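Working notes, structure below.
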Amino acid sequence: MLTDNPARKTSVSPVSTAVTFDQVVKRYGDHTVLDHLDFEVRQGERVTLIGPSGSGKTTILRLLMTLERVTEGVIQVNGQPFSGLPEKQLRRARRHIGMVFQQFNLFPNMKVLDNITEAPVQVLGLSRDEAAERARDLLDLVGLADKADVHPTRLSGGQQQRVAIARALAMRPDILLLDEVTSALDPELVQGVLDVLRDIAQATDITMLCVTHEMGFARDISDRVLMFDGGRVIESGPPERMFSEPEHERTRDFLGAVL
Amino acid sequence: MLTDNPARKTSVSPVSTAVTFDQVVKRYGDHTVLDHLDFEVRQGERVTLIGPSGSGKTTILRLLMTLERVTEGVIQVNGQPFSGLPEKQLRRARRHIGMVFQQFNLFPNMKVLDNITEAPVQVLGLSRDEAAERARDLLDLVGLADKADVHPTRLSGGQQQRVAIARALAMRPDILLLDEVTSALDPELVQGVLDVLRDIAQATDITMLCVTHEMGFARDISDRVLMFDGGRVIESGPPERMFSEPEHERTRDFLGAVL
Amino acid sequence: MWDWHTAREGLPLILHGFGITLLATALGSLVAIVLGLVIAVLGRAPTRWVRLPLRAVVEFVRSTPVMIQLFAVWVLAPGLDPLTIGIVVLGLHYAMYTSEVYRAGIDAVPRGQWEAAVALSLPPIRTWWGVVLPQAVRKVIPALGNYVISMFKETPFLSVITVNEMVHEANQFGSDNFAYMEAFTIAAAIFLIASYPTSMLMRKLEKRLAH
Amino acid sequence: SRTEVGTGAPTGDSDLLAKLRKQGYVRVGFAGEAPYGFKDGNTLAGEAPTLHKEIFKALGVPELRPTLTDFSSLIPGLAADRFDVVSAGMAITPDRCAKVIFSEPEFVSPTALMVRKGNPKQLTDLKSAAAKGSTVGVLTAAVEADYATAAGVPGAKVRALAKQQDGLDALVAGRIDAFALTSISLRWLAKTNSGADVQVLDPFLPVLHGTKQYSPGGAVFRKDTDSLRDAFNTQLKKITADPARYTSLIGRYGFTKAEVPPASLRTAELCKA
Amino acid sequence: MSFLTAFVRSLPSIWDGIQITVLATLLGALLALVLSFVLGLAARSRHLLVRGLARAVVEFFRGTSLYVQLFWLFFALPILGFKLVPLACAVLAFGLNYGAYGSEVVRGALAAVPRAQWEATVALNMTPWQRMRKVILPQAWPQMIPPFNNLLIQLLKSTPLLSLITVSDITFQMDQLRSATGDTKAAYLVLLVIYFVLAYALTLCMNGLEALGKARLGQGRA
Ligand SMILES: Nc1ncnc2c1ncn2[C@@H]1O[C@H](COP(=O)(O)OP(=O)(O)OP(=O)(O)O)[C@@H](O)[C@H]1O
Ligand SMILES: Nc1ncnc2c1ncn2[C@@H]1O[C@H](COP(=O)(O)OP(=O)(O)OP(=O)(O)O)[C@@H](O)[C@H]1O
Ligand SMILES: [Mg+2]
Ligand SMILES: [Mg+2]
């Protein structure tokens with residue numbers, strides 16, 4: 001499971017930043033979740049966020065997806081400021097980002113194919129046929145070519161999650177956000193989803209931000225691991241180093257409990 | 001994590017059976033979930049049920065808890081037939097069994113202490129004071145002595161699950177059913193719950209039937225592991241043997257994916 | 001006490017009134033079902049300059065008798081045909097109830113669905129029309145049915161504005177022939193016969209949509 | 001709540017008057033319609049209650065216990081033994097006679113039309129309204145609907161209204177062109193609405209089944225209480241035979257010598273279909 | 001007569017009317033509440049007979065209009081030999097009619113309590129009555145309140161039907177005032193305000209109850 005992918009790693013020469021968090025603060029009421037957070041993700045980089053429950057990992061992804069508003073500070077995406085934009089420009093900016101949710105959040109009122117084609121047709125203005133073709137390719141990629149005309153409620157959790165990944169990819173985002181995409185799945189189904197993600201990581205240059213508890217997966221695909229606690233990054237580095245010789249005691253404790 | 005508990009294992013001399021499944025069939029419509037299932041659990045024994053998703057593990061526990069009715073066959077508890085009883089006798093028979101659910105199922109309309117005392121007061125007829133005393137002891141045992149007067153919704157998942165265990169134990173059951181009690185929890189919280197269960201296993205002679213995907217835990221506390229597939233037990237044995245040299249190919253595949 | 005002959009005589013008249021009752025209910029329901037949805041959606045408007053006045057209107061209209069509302073419009077808008085007024089006012093009044101029903105349905109659409117729509121950059125119209133409403137409306141159809149039935153039975157108020165609906169006809173027939181018992185029993189039976197299939201249908205729907 | 005089993009069957013005993021004397025009151029139903037029977041502040045007022053009070057006093061029943069109800073509920077309420085007599089100046093018609101019994105006429109009341117001021121449609125009576133295609137308002141379950149139909153007003157042009165005031169409001173709002181009711185009621189209505197742009201036309205006698213309708217009104221009794229009715233009639237006659245006394249009693253409600261029923265007008269005749 | 005003088009003069013009757021309206025509303029609502037639970041629970045019974053009976057009662061009283069029911073209770077029942085005082089008729093009719101609607105609310109709210117809660121009570125071996133009283137009802141209760149509120153307001157607004165059966169409610173009293181003065185606008189405006197105040201007071205009470213119930217479930221502000 002720990003096969004590395006040297007081919008991809010050497011081919012990437014990250015020049016520009018995809019995501020910048022600049023002194024970002026996020027508070028709910030008087031509870032500070034993110035406390036002057038700083039970090040960068042380069043284009044094409046694969047970053048995994050780890051940390052104890054409640055440390056704000058999901059919050060980071062939700063801020064990026066503009067599902068929440070920052071309290072202070074600035075988020076930049078592809079060099080453009082991203083926070084505090086009016087709704088219309090936000091919608092344009094958001095197109096670069098795709099997100100896959102822990103609970104899949106497929107639209108139960110649409111068949112699998114329509115789930116995938118909906119946004120390309122409505123947002124990118126693709127024709128139905130074009131969108132369907134693209135969707136079928138993606139379903140092929142995630143191994144569900146035969147499920148195009150099924151309702152999502154008829155699929156297993158693992159299958160639903162793979163459709164959700166295809167749906168996010170259909171928008172051809174530059175940046176893909178993944179929030180514990182396997183933690184709602186039965187243990188046996190986890191592997192299929194991780195395999196799909198690994199394939200995508202290998203086949204494309206997409207920037208990935210993953211929150212996960214699957215340390216094997218983190219080790220496997222990520223260029224860098226960020227450890228969060230108390231609303232800040234307390235440690236970061238390539239997975240090999242982080243998992244073998246964590247510097248902080250908190251990181252050590254955390255990895256001890258999870259690994 | 002794999003510290004065994006030789007003390008307990010030798011001290012037990014199981015003589016009589018706690019649970020017997022005799023040719024039990026369970027069908028939903030024309031979908032057969034359990035297919036002439038046979039197995040026994042001795043008093044004081046700790047048995048872990050493993051198997052792929054949908055193989056019927058939960059169904060077995062639900063049949064025992066009389067949340068479902070058997071289609072054919074007989075279940076015996078402590079030598080008494082248990083299936084097909086009228087509600088009143090069923091209630092008497094059910095007293096021997098406690099169950100902890102994957103989703104905790106605490107009562108949101110009661111504080112933690114009341115969650116634990118309610119059934120002893122209502123069902124066993126204990127006085128409120130007696131029940132509260134017993135509940136506080138149990139909260140102590142699960143490490144939540146300070147949460148007695150809190151609403152369950154204010155607790156973390158791991159804390160909720162520990163309250164649920166205390167609630168089940170407050171009824172002093174002979175047999176405790178545990179259905180994937182850690183799979184709804186954050187990875188860091190899993191350990192606390194497993195520790196509590198291990199303590200209970202060591203401190204009491206209670207018969208335990210666990211469904212779990214935590215193979216470490218299965219190995220750790222169980223006397224015997226049953227592997228289910230296709231509605232039947234396809235393999236069973238002590239955890240050491242099952243995990244190191246499974247006989248069936250299906251078991252090998254399954255353990256390969258999960259371990 | 002009960003005179004079959006009188007009953008037979010009254011039936012055609014009362015049935016004629018029933019036609020009007022049915023028409024008023026059908027069109028009134030349409031108004032209530034559509035307008036209720038609009039109100040519920042506007043109730044989620046981002047600015048409170050829409051939300052608060054809307055809330056006040058809903059609360060006021062819901063809290064005051066439909067009879068007075070009917071009468072007020074009838075007197076203030078003499079150009080309008082009474083049946084039209086009846087349909088619009090009844091529909092409007094019930095839209096306040098149905099908007100609450102829709103609101104509950106919309107609230108019940110999981111947050112994750114909204115967030116998925118945002119993550120896919122779907123425009124608001126599409127989010128409502130393609131994602132949220134199909135799910136919300138499904139859930140509330142049985143509850144809406146209740147209000148259709150209850151509107152059906154509030155059509156007697158239309159007689160205040162000279163619409164000769166069924167109960168009015170029954171009343172008229174009853175007083176003309178002093179056969180109140182027959183007249184009202186017939187009316188009751190017609191109500192029952194008409195609303196029972198509706199409520200059966202609603203149960204069926206409820207079961208079908210529940211899973 | 002109180003359930004009296006078995007008392008529902010109307011107490012048709014001839015002892016009703018004796019019973020009323022003994023209990024000292026009689027239950028009267030009224031519809032709150034001025035000037036026939038209505039509440040003025042907290043006292044029962046109007047033509048019928050005033051006459052009835054006088055009559056029942058003479059019969060040895062000092063008190064009227066009023067029950068206010070919808071006009072259309074008066075006869076059903078009487079039948080259901082909710083009261084002993086209806087004091088609403090109810091018009092005596094054959095249809096009603098089939099269900100209840102009436103006293104001799106207490107008054108006659110020719111019909112009139114209320115129209116908008118200036119009488120823009122130049123109406124005089126129901127026939128003219130029919131001829132001009134005017135819309136006529138009547139009260140629900142009142143006799144004027146039949147008069148209008150008989151005069152040739154098509155059913156679609158007859159609008160049933162729940163209350164007198166509804167009629168006036170409908171007229172002002174232009175919903176109807178004329179409001180048909182007894183001249184007495186209309187005069188009273190115009191009086192209470194002194195600011196409204198309406199006028200009451202001269203009364204006329206509508207024709208129904210070929211006969212002129214005086215629209216006499218009287219007290220109403222349950223079918224099998226004839227003896228009470230007869231006793232009532234004896235006292236009523238003493239008043240109607242004395243126009244001075246009649247007008248002194250109810251003149252302030254708009255009842256003049258013209259409303260005193262002619263002695264020739266008998267309920268028994270009026271009830272013949 | 002000016003509206004204001006007449007209004008002041010008839011204040012006692014108006015006050016009577018308000019009392020009648022409030023009394024009929026509260027008593028009717030009380031009976032409706034009891035019936036809602038009886039019928040709502042019966043509709044979930046395991047016995048076909050109980051279920052069928054509850055269903056029939058609900059369909060009947062939901063299916064016929066309140067107007068007609070009142071008429072029957074008041075005018076037809078005495079002919080059959082049962083005579084109820086008018087207010088009792090009103091309370092009975094309101095109770096039966098709105099109880100039938102309310103039972104659907106109860107049924108729905110009970111069904112909406114997660115099945116898992118019911119299973120937990122079985123695992124703790126509670127009796128059906130204990131399950132219902134201690135666990136299921138307290139959780140279903142907050143859900144029932146908004147629809148109950150709708151029904152309560154509808155009930156309040158049905159009270160004008162009382163004038164049909166000789167009970168003089170507030171609408172009837174204001175109608176008298178309207179006839180006496182000919183001032184429809186003023187009379188109906190006052191009436192609108194009275195109904196709004198009454199209905200809004202009910203709404204505030206129900207909101208309070210809902211908040212209370214939710215706080216007990218650990219939702220909302222504790
Ligand atoms: N809408 C909200 N209102 C108030 N507090 C919130 C809200 N959303 C999140 N929080 C709080 O913010 C903190 C961070 O939450 P977040 O979901 O980002 O954590 P996480 O690192 O993703 O944890 P987990 O591993 O459990 O998913 C938590 O303490 C949470 O309680
Ligand atoms: N109420 C029901 N109606 C129909 N089928 C059911 C019902 N409950 C369970 N099943 C089916 O019975 C089979 C066994 O379910 P069960 O929950 O016992 O599996 P499991 O072994 O516990 O799986 P998991 O590991 O996913 O919890 C599944 O195929 C499931 O779809
Ligand atoms: Mg998270
Ligand atoms: Mg299971």
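Labels used: A, B, ... for chains in the order of the structure tokens, numbers from 1 for residues in each chain, and numbers from 1 for ligands as shown.
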- Task: Check every protein, DNA and RNA residue against ligand 3, keep those with an atom at most 12 Å away (counting only C-alpha atoms and all ligand atoms), and present them as a PyMOL selection string.
- Result: (chain A and resi 49-62+101-103+178-181+183-184+210-213+228) or (chain B and resi 186-187)
- Query: Residues of chain B within 6 Å of chain A, using only C-alpha atoms, as a list in words?
  - Reply: Pro187, Glu188, Ala257 and Val258 of chain B
Go ahead and dump the residues you just picked, N, CA and C atoms, as a CSV table (one decimal), in the first residue's frame.
```csv
chain,number,residue,atom,x,y,z
B,187,PRO,N,-11.3,8.6,14.9
B,187,PRO,CA,-10.3,7.6,15.3
B,187,PRO,C,-9.7,7.9,16.6
B,188,GLU,N,-9.5,9.1,17.0
B,188,GLU,CA,-8.8,9.3,18.3
B,188,GLU,C,-9.7,8.9,19.5
B,257,ALA,N,-8.5,-7.1,3.3
B,257,ALA,CA,-9.0,-5.8,3.0
B,257,ALA,C,-9.1,-5.0,4.3
B,258,VAL,N,-9.4,-5.6,5.4
B,258,VAL,CA,-9.7,-4.9,6.6
B,258,VAL,C,-8.5,-4.6,7.5
```
Please build the interface table for chain D against chain E with a cut-off of 10 Å, listing for each qualifying residue the nearest atom pair and the distance in Å to one decimal; count only C-alpha atoms, order rows by chain and increasing number, and write it as a Markdown table.
```
| residue | atom | partner | partner_atom | distance |
| --- | --- | --- | --- | --- |
| D:Ser1 | CA | E:Ala88 | CA | 5.1 |
| D:Arg2 | CA | E:Leu84 | CA | 5.7 |
| D:Thr3 | CA | E:Leu84 | CA | 5.1 |
| D:Glu4 | CA | E:Lys83 | CA | 5.6 |
| D:Val5 | CA | E:Phe82 | CA | 5.2 |
| D:Gly6 | CA | E:Gly81 | CA | 4.9 |
| D:Thr7 | CA | E:Gly81 | CA | 6.4 |
| D:Gly8 | CA | E:Gly81 | CA | 4.4 |
| D:Ala9 | CA | E:Ile79 | CA | 6.1 |
| D:Pro10 | CA | E:Ile79 | CA | 8.1 |
| D:Gly29 | CA | E:Thr166 | CA | 8.6 |
| D:Phe30 | CA | E:Thr166 | CA | 9.3 |
| D:Ala31 | CA | E:Thr166 | CA | 9.1 |
| D:Gly32 | CA | E:Gln176 | CA | 6.9 |
| D:Glu33 | CA | E:Ser179 | CA | 8.2 |
| D:Ala34 | CA | E:Ala180 | CA | 7.9 |
| D:Phe38 | CA | E:Gln176 | CA | 8.5 |
| D:Lys39 | CA | E:Gln176 | CA | 8.1 |
| D:Asp40 | CA | E:Ala180 | CA | 8.5 |
| D:Gly41 | CA | E:Ser10 | CA | 5.5 |
| D:Asn42 | CA | E:Ser13 | CA | 7.4 |
| D:Thr67 | CA | E:Thr166 | CA | 6.3 |
| D:Leu68 | CA | E:Thr166 | CA | 5.5 |
| D:Thr69 | CA | E:Thr166 | CA | 4.1 |
| D:Asp70 | CA | E:Leu164 | CA | 5.4 |
| D:Phe71 | CA | E:Leu164 | CA | 8.6 |
| D:Ser72 | CA | E:Leu164 | CA | 7.9 |
| D:Ser73 | CA | E:Leu164 | CA | 6.1 |
| D:Leu74 | CA | E:Thr166 | CA | 8.9 |
| D:Ile75 | CA | E:Phe75 | CA | 9.8 |
| D:Pro76 | CA | E:Phe75 | CA | 6.1 |
| D:Gly77 | CA | E:Phe75 | CA | 6.4 |
| D:Leu78 | CA | E:Phe75 | CA | 9.2 |
| D:Ala79 | CA | E:Phe75 | CA | 7.8 |
| D:Ala80 | CA | E:Pro78 | CA | 5.5 |
| D:Asp81 | CA | E:Pro78 | CA | 7.7 |
| D:Arg82 | CA | E:Phe75 | CA | 8.8 |
| D:Lys163 | CA | E:Ser179 | CA | 8.5 |
| D:Gln164 | CA | E:Ser179 | CA | 7.4 |
| D:Gln165 | CA | E:Ser179 | CA | 5.5 |
| D:Asp166 | CA | E:Thr184 | CA | 8.6 |
| D:Leu168 | CA | E:Gly182 | CA | 8.4 |
| D:Asp169 | CA | E:Thr184 | CA | 7.6 |
| D:Trp188 | CA | E:Ala180 | CA | 9.5 |
| D:Leu189 | CA | E:Gly182 | CA | 7.8 |
| D:Ala190 | CA | E:Gly182 | CA | 8.7 |
| D:Lys191 | CA | E:Gly182 | CA | 9.0 |
| D:Thr192 | CA | E:Thr181 | CA | 5.4 |
| D:Asn193 | CA | E:Gly182 | CA | 4.8 |
| D:Ser194 | CA | E:Gly182 | CA | 8.3 |
| D:Gly195 | CA | E:Gly182 | CA | 8.8 |
| D:Ala196 | CA | E:Gly182 | CA | 8.4 |
```
- Between B:Arg252, B:Arg154, B:Lys88, B:His96, which is the closest to ligand 1 once you count only C-alpha atoms and all ligand atoms?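 Ranking B:Arg252, B:Arg154, B:Lys88, B:His96 by distance to ligand 1, first place goes to B:Arg154.
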- Query: Out of range 57-270 of chain D, which residues get strand (DSSP E) from DSSP, as an MDAnalysis selection string?
  - Reply: chainID D and resid 63:68 85:91 101:102 107:108 111:116 136:139 158:161 178:182 198:200 207:208 211:212 216:221
- Message: Restricting the calculation to only C-alpha atoms and all ligand atoms: of A:Gln23, A:Thr32, A:Gln76, A:Thr17, which residue gets closest to ligand 1?
- Response: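 Among the listed residues, the smallest separation from ligand 1 belongs to A:Thr32.
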- Message: Distance limit 10 Å, atoms considered: only C-alpha atoms. Which chain E residues sit that close to chain B? Return them as a PyMOL selection string.
- Response: chain E and resi 114-128+130-131+134-139+213-219+222
Tell me, counting only C-alpha atoms, for each residue of chain C within 9 Å of chain E, which pair of atoms is nearest and how far apart they are in Å to one decimal, in rows ordered by chain and increasing number, as CSV.
```
residue,atom,partner,partner_atom,distance
C:Met1,CA,E:Ile79,CA,8.3
C:Glu59,CA,E:Tyr200,CA,8.0
C:Phe60,CA,E:Phe196,CA,6.5
C:Val61,CA,E:Phe196,CA,8.7
C:Arg62,CA,E:Ile153,CA,7.8
C:Ser63,CA,E:Phe196,CA,5.2
C:Thr64,CA,E:Tyr195,CA,5.5
C:Pro65,CA,E:Lys157,CA,5.5
C:Val66,CA,E:Lys157,CA,8.1
C:Ile68,CA,E:Tyr188,CA,6.9
C:Ala72,CA,E:Lys185,CA,8.4
C:Tyr97,CA,E:Asn150,CA,7.3
C:Glu100,CA,E:Pro146,CA,8.9
C:Val101,CA,E:Pro147,CA,8.6
C:Asn146,CA,E:Tyr101,CA,8.2
C:Ile149,CA,E:Gly63,CA,7.7
C:Ser150,CA,E:Arg62,CA,8.0
C:Phe152,CA,E:Ser65,CA,8.7
C:Lys153,CA,E:Ser65,CA,5.2
C:Glu154,CA,E:Ser65,CA,7.6
C:Pro156,CA,E:Tyr67,CA,8.3
C:Val167,CA,E:Val68,CA,8.5
C:Tyr180,CA,E:Phe75,CA,8.9
C:Met181,CA,E:Ala76,CA,6.7
C:Phe184,CA,E:Val68,CA,6.2
C:Thr185,CA,E:Val68,CA,7.6
C:Ala187,CA,E:Val68,CA,7.5
C:Ala188,CA,E:Thr64,CA,5.3
C:Ala189,CA,E:Thr64,CA,7.3
C:Ile190,CA,E:Thr64,CA,8.3
C:Phe191,CA,E:Thr64,CA,5.3
C:Leu192,CA,E:Gly63,CA,4.5
C:Ile193,CA,E:Gly63,CA,7.8
C:Ala194,CA,E:Gly63,CA,8.0
C:Ser195,CA,E:Gly63,CA,5.4
C:Tyr196,CA,E:Gly63,CA,6.3
C:Ser199,CA,E:Glu59,CA,7.8
```
- Query: For chain C, which residues have at least one atom within 8 Å of chain A, if we go by only C-alpha atoms? Write them as a PyMOL selection string, please.
  - Reply: chain C and resi 112-113+115-116+118-123+126+131+134-135
At a cut-off of 12 Å, which residues of chain C touch chain D? Count only C-alpha atoms and give the answer as a short mmCIF file (atom, residue, chain, number, x, y, z; two decimals) with N, CA and C atoms, in the first residue's frame.
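Output (part29.cif):
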```
data_model
loop_
_atom_site.label_atom_id
_atom_site.label_comp_id
_atom_site.auth_asym_id
_atom_site.auth_seq_id
_atom_site.Cartn_x
_atom_site.Cartn_y
_atom_site.Cartn_z
N MET C 1 -89.30 12.42 10.38
CA MET C 1 -88.11 13.23 10.67
C MET C 1 -87.21 13.32 9.44
N MET C 67 -63.18 35.15 6.54
CA MET C 67 -64.48 35.73 6.22
C MET C 67 -64.36 37.25 6.05
N ILE C 68 -63.66 37.88 7.00
CA ILE C 68 -63.51 39.33 6.92
C ILE C 68 -62.65 39.72 5.73
N PHE C 71 -64.77 39.54 2.71
CA PHE C 71 -65.72 40.64 2.67
C PHE C 71 -65.03 41.95 2.30
N ALA C 72 -63.87 42.16 2.90
CA ALA C 72 -63.16 43.42 2.64
C ALA C 72 -62.82 43.55 1.16
N VAL C 73 -62.30 42.51 0.56
CA VAL C 73 -61.95 42.59 -0.85
C VAL C 73 -63.19 42.75 -1.71
N TRP C 74 -64.22 42.07 -1.29
CA TRP C 74 -65.47 42.11 -2.04
C TRP C 74 -66.03 43.53 -2.09
N VAL C 75 -65.95 44.20 -0.95
CA VAL C 75 -66.47 45.57 -0.88
C VAL C 75 -65.52 46.56 -1.55
N LEU C 76 -64.22 46.32 -1.40
CA LEU C 76 -63.25 47.29 -1.91
C LEU C 76 -63.00 47.15 -3.40
N ALA C 77 -63.28 45.98 -3.96
CA ALA C 77 -63.02 45.79 -5.39
C ALA C 77 -64.30 45.36 -6.09
N PRO C 78 -65.25 46.32 -6.26
CA PRO C 78 -66.56 45.95 -6.79
C PRO C 78 -66.51 45.43 -8.22
N GLY C 79 -65.43 45.74 -8.94
CA GLY C 79 -65.37 45.29 -10.32
C GLY C 79 -65.18 43.79 -10.46
N LEU C 80 -64.64 43.17 -9.40
CA LEU C 80 -64.26 41.76 -9.53
C LEU C 80 -65.44 40.84 -9.25
N ASP C 81 -65.47 39.77 -9.99
CA ASP C 81 -66.50 38.78 -9.84
C ASP C 81 -66.31 38.04 -8.50
N PRO C 82 -67.41 37.84 -7.74
CA PRO C 82 -67.28 37.26 -6.40
C PRO C 82 -66.54 35.92 -6.38
N PRO C 156 -67.66 27.25 2.56
CA PRO C 156 -68.93 27.89 2.96
C PRO C 156 -68.80 29.38 3.23
N PHE C 157 -67.60 29.83 3.60
CA PHE C 157 -67.43 31.26 3.84
C PHE C 157 -67.72 32.07 2.58
N LEU C 158 -67.60 31.43 1.44
CA LEU C 158 -67.81 32.17 0.19
C LEU C 158 -69.23 32.69 0.10
N SER C 159 -70.15 32.08 0.83
CA SER C 159 -71.53 32.55 0.75
C SER C 159 -71.65 33.98 1.27
N VAL C 160 -70.70 34.37 2.11
CA VAL C 160 -70.71 35.75 2.61
C VAL C 160 -70.61 36.74 1.45
N ILE C 161 -69.90 36.35 0.41
CA ILE C 161 -69.80 37.26 -0.72
C ILE C 161 -70.65 36.77 -1.89
N THR C 162 -71.78 36.21 -1.56
CA THR C 162 -72.83 35.85 -2.52
C THR C 162 -72.43 34.78 -3.52
N VAL C 163 -71.41 34.00 -3.19
CA VAL C 163 -71.12 32.85 -4.06
C VAL C 163 -71.98 31.70 -3.57
N ASN C 164 -72.79 31.16 -4.45
CA ASN C 164 -73.72 30.12 -4.01
C ASN C 164 -73.08 28.75 -4.01
N GLU C 165 -72.20 28.53 -3.04
CA GLU C 165 -71.55 27.23 -2.98
C GLU C 165 -72.47 26.23 -2.28
N VAL C 167 -72.86 24.63 0.72
CA VAL C 167 -73.54 24.79 2.01
C VAL C 167 -74.58 25.89 1.94
N HIS C 168 -74.30 26.91 1.14
CA HIS C 168 -75.29 27.94 0.94
C HIS C 168 -76.54 27.35 0.32
N GLU C 169 -76.33 26.55 -0.71
CA GLU C 169 -77.48 25.95 -1.38
C GLU C 169 -78.24 25.05 -0.43
N ALA C 170 -77.49 24.31 0.39
CA ALA C 170 -78.14 23.43 1.37
C ALA C 170 -78.95 24.27 2.34
N ASN C 171 -78.36 25.36 2.78
CA ASN C 171 -79.03 26.24 3.71
C ASN C 171 -80.30 26.82 3.09
N GLN C 172 -80.15 27.27 1.85
CA GLN C 172 -81.28 27.86 1.16
C GLN C 172 -82.40 26.84 0.99
N PHE C 173 -81.98 25.67 0.52
CA PHE C 173 -82.97 24.62 0.32
C PHE C 173 -83.61 24.25 1.65
N GLY C 174 -82.78 24.15 2.67
CA GLY C 174 -83.27 23.79 4.00
C GLY C 174 -84.30 24.79 4.49
N SER C 175 -84.04 26.07 4.25
CA SER C 175 -84.97 27.06 4.79
C SER C 175 -86.20 27.19 3.90
N ASP C 176 -86.02 27.00 2.62
CA ASP C 176 -87.18 27.07 1.73
C ASP C 176 -88.17 25.95 2.06
N ASN C 177 -87.62 24.78 2.34
CA ASN C 177 -88.48 23.62 2.53
C ASN C 177 -88.55 23.17 3.97
N PHE C 178 -87.91 23.91 4.84
CA PHE C 178 -87.78 23.51 6.23
C PHE C 178 -87.32 22.07 6.33
N ALA C 179 -86.28 21.79 5.58
CA ALA C 179 -85.73 20.45 5.58
C ALA C 179 -84.24 20.55 5.86
N TYR C 180 -83.93 21.21 6.96
CA TYR C 180 -82.51 21.41 7.30
C TYR C 180 -81.79 20.09 7.47
N MET C 181 -82.48 19.19 8.14
CA MET C 181 -81.86 17.89 8.42
C MET C 181 -81.42 17.23 7.13
N PHE C 184 -78.59 19.37 5.25
CA PHE C 184 -77.24 19.34 5.80
C PHE C 184 -76.64 17.95 5.82
#
```
- Task: Quick one: everything within 10 Å of Ala95 in chain C, counting only C-alpha atoms, minus sequence neighbours fewer than 4 positions away in the same chain. Send it as a list in words.
- Result: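 The residues satisfying every condition are Gly28, Ser29, Leu30, Val31, Ala32, Ile33, Val34, Leu35, Gly36, Leu37, Val38, Ile39, Ala40, Val58, Val61, Arg62, Val89, Leu90, Gly91, Ser99, Glu100, Val101, Tyr102 and Tyr147 of chain C.
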